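Input: a single structure, listed below in structure tokens.
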Amino acid sequence: MAVYTCPVTVLRDVNWLEIESSELVPGDIVDLGSSGLSTLPCDAVILEGDCIVNESMLTGESVPELKRSLDHGTYVLGSMDMTAYTFDPSVSRHVVFAGTRLVRVRKTERQFESCEGNTFGSSRNMRTTAMVLRTGFCSTKGALVRSIMFPRPTKFQFYRDAFRFVGILALIAVAGFIVNAINLHRLGVSASTIAIKALDLITVVVPPALPASMSIGMAFAARRLHKQGIFCISPSRINVASKVAIVCFDKTGTLTEDGLDLLGIRMVDHRT
């Protein structure tokens, strides 16, 4: 899912060449109708023709989307925010995204002319062209992969309450330390003994092994899950998962496919 390369036809120096998709850079003109291109390797804006794409890998919607070419006189490229996760709906209808599958590509007779007067294609060899906008981890698919590999840290109520509990114990320990130190000083106890007694009181009130015991408990829970064939990459979520009573799955297209595969045929025995 993260690494995908395929041969693409790209315009370089007024010539169409076939290169690997890993060599694409923003600004390249690619031919979407080239043979072997079924899954898009980059984000690109359509210049000529139109196509129908399946964006279920990104959006979960199994309904194909129609992508049209840019109209003459429109100022779409200037309104694009390349740092955003996706584009405005008025812009995204002209953009094909990395990871989506091409369902149908239709070529057009209208051609964009180069600076030297040559066209990207001819009337005998019409093309569906698009300009590369983003590649790799900068694309929409790359942002999705980054969010999976490096998720944002999640704050749980359980851990917030645990730290609040430790903080209250620490305040009680400090108050006891002050009172104990004053009483021992009045009794004429030496400073070294007062320090030992005070530290002993803090240790009793705030158990230093509390964080370690919680970590060990989650490690043992993850080990038990591993024996059952369940692999946990975030042990902090084990406590939350233990309270889950109902699991709701999304519609078709996110976890399943919208097609059927024939696995075999079972003949019917009419004698039984």
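Quick note on naming: the chains in the structure tokens go A, B, ... in the order shown, residues restart at 1 in each chain, and ligands are numbered from 1 in order of appearance.
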Can you pull out every residue from stretch 14-198 of chain A that DSSP, working from the backbone, puts in strand (DSSP E or B), and format the result as JSON, numbers by chain? {"A": [15, 16, 17, 18, 19, 20, 29, 30, 31, 39, 42, 43, 44, 45, 46, 50, 51, 52, 53, 54, 65, 66, 67, 95, 96, 101, 102, 103, 104, 105, 106, 113, 119, 129, 130, 131, 132, 133, 134, 135]}
Mind checking which residues fall within 10 Å of A:Ser139, counting only C-alpha atoms, ignoring those fewer than 4 positions away in the same chain, and posting them as a list in words?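 Everything that qualifies: Pro41, Cys42, Asp43, Ala44, Met82, Thr83, Ala84, Tyr85, Thr86, Phe97, Ala98, Gly99, Leu133, Arg134, Thr135, Ala143, Leu144 and Val145 of chain A.
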Near stretch 193-202 of chain A, within 7 Å and counting only C-alpha atoms, which residues show up once chain neighbours fewer than 4 positions away are dropped, as a list in words?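 Here the answer would be Ala173, Phe177, Asn180, Ala181, Leu184, Val189 and Val206 of chain A.
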Same residues, N, CA and C atoms, output as a PDB file, in the first residue's frame:
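Saved file part.pdb follows:
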```pdb
ATOM      1  N   ALA A 173       1.914  14.051  50.484  1.00  0.00           N
ATOM      2  CA  ALA A 173       3.258  13.717  50.938  1.00  0.00           C
ATOM      3  C   ALA A 173       4.038  14.973  51.301  1.00  0.00           C
ATOM      4  N   PHE A 177       5.421  15.838  54.901  1.00  0.00           N
ATOM      5  CA  PHE A 177       6.863  16.083  55.053  1.00  0.00           C
ATOM      6  C   PHE A 177       7.112  17.351  55.878  1.00  0.00           C
ATOM      7  N   ASN A 180       5.989  16.730  59.586  1.00  0.00           N
ATOM      8  CA  ASN A 180       6.902  15.790  60.243  1.00  0.00           C
ATOM      9  C   ASN A 180       8.254  16.436  60.515  1.00  0.00           C
ATOM     10  N   ALA A 181       8.734  17.246  59.550  1.00  0.00           N
ATOM     11  CA  ALA A 181      10.020  17.905  59.734  1.00  0.00           C
ATOM     12  C   ALA A 181       9.961  18.901  60.896  1.00  0.00           C
ATOM     13  N   LEU A 184       9.841  16.874  64.285  1.00  0.00           N
ATOM     14  CA  LEU A 184      11.133  16.252  64.603  1.00  0.00           C
ATOM     15  C   LEU A 184      12.167  17.302  64.988  1.00  0.00           C
ATOM     16  N   VAL A 189      15.794  16.267  66.924  1.00  0.00           N
ATOM     17  CA  VAL A 189      16.344  15.221  66.062  1.00  0.00           C
ATOM     18  C   VAL A 189      17.285  15.854  65.048  1.00  0.00           C
ATOM     19  N   VAL A 206       3.492   8.005  48.157  1.00  0.00           N
ATOM     20  CA  VAL A 206       3.513   7.896  46.690  1.00  0.00           C
ATOM     21  C   VAL A 206       4.326   6.658  46.327  1.00  0.00           C
TER      22      VAL A 206
END
```
Any idea what the distance is between atom CA of A:Tyr159 and atom CA of A:Pro207?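 Going from atom CA of A:Tyr159 over to atom CA of A:Pro207, I get 16.4 Å.
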When distances are computed from only C-alpha atoms, which of A:Ser38, A:Ser234, A:Ser56, A:Ser21 shows the smallest separation from A:Arg152? A:Ser234
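If you measure from each of A:Val103, A:Ile29, A:Cys6, A:Val268 to A:Met131 using only C-alpha atoms, the closest one turns out to be A:Ile29.
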I'd like to know which residues of stretch 94-199 of chain A are helix (DSSP H, G or I) (by DSSP, run on the backbone); could you write them as an MDAnalysis selection string? chainID A and resid 136:138 140:149 157:186 191:199
Which residue of A:Val95, A:Arg237, A:Pro208, A:Asp13 approaches A:Ala222 most closely, using only C-alpha atoms: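 Residue with the minimum atom-to-atom distance to A:Ala222: A:Arg237.
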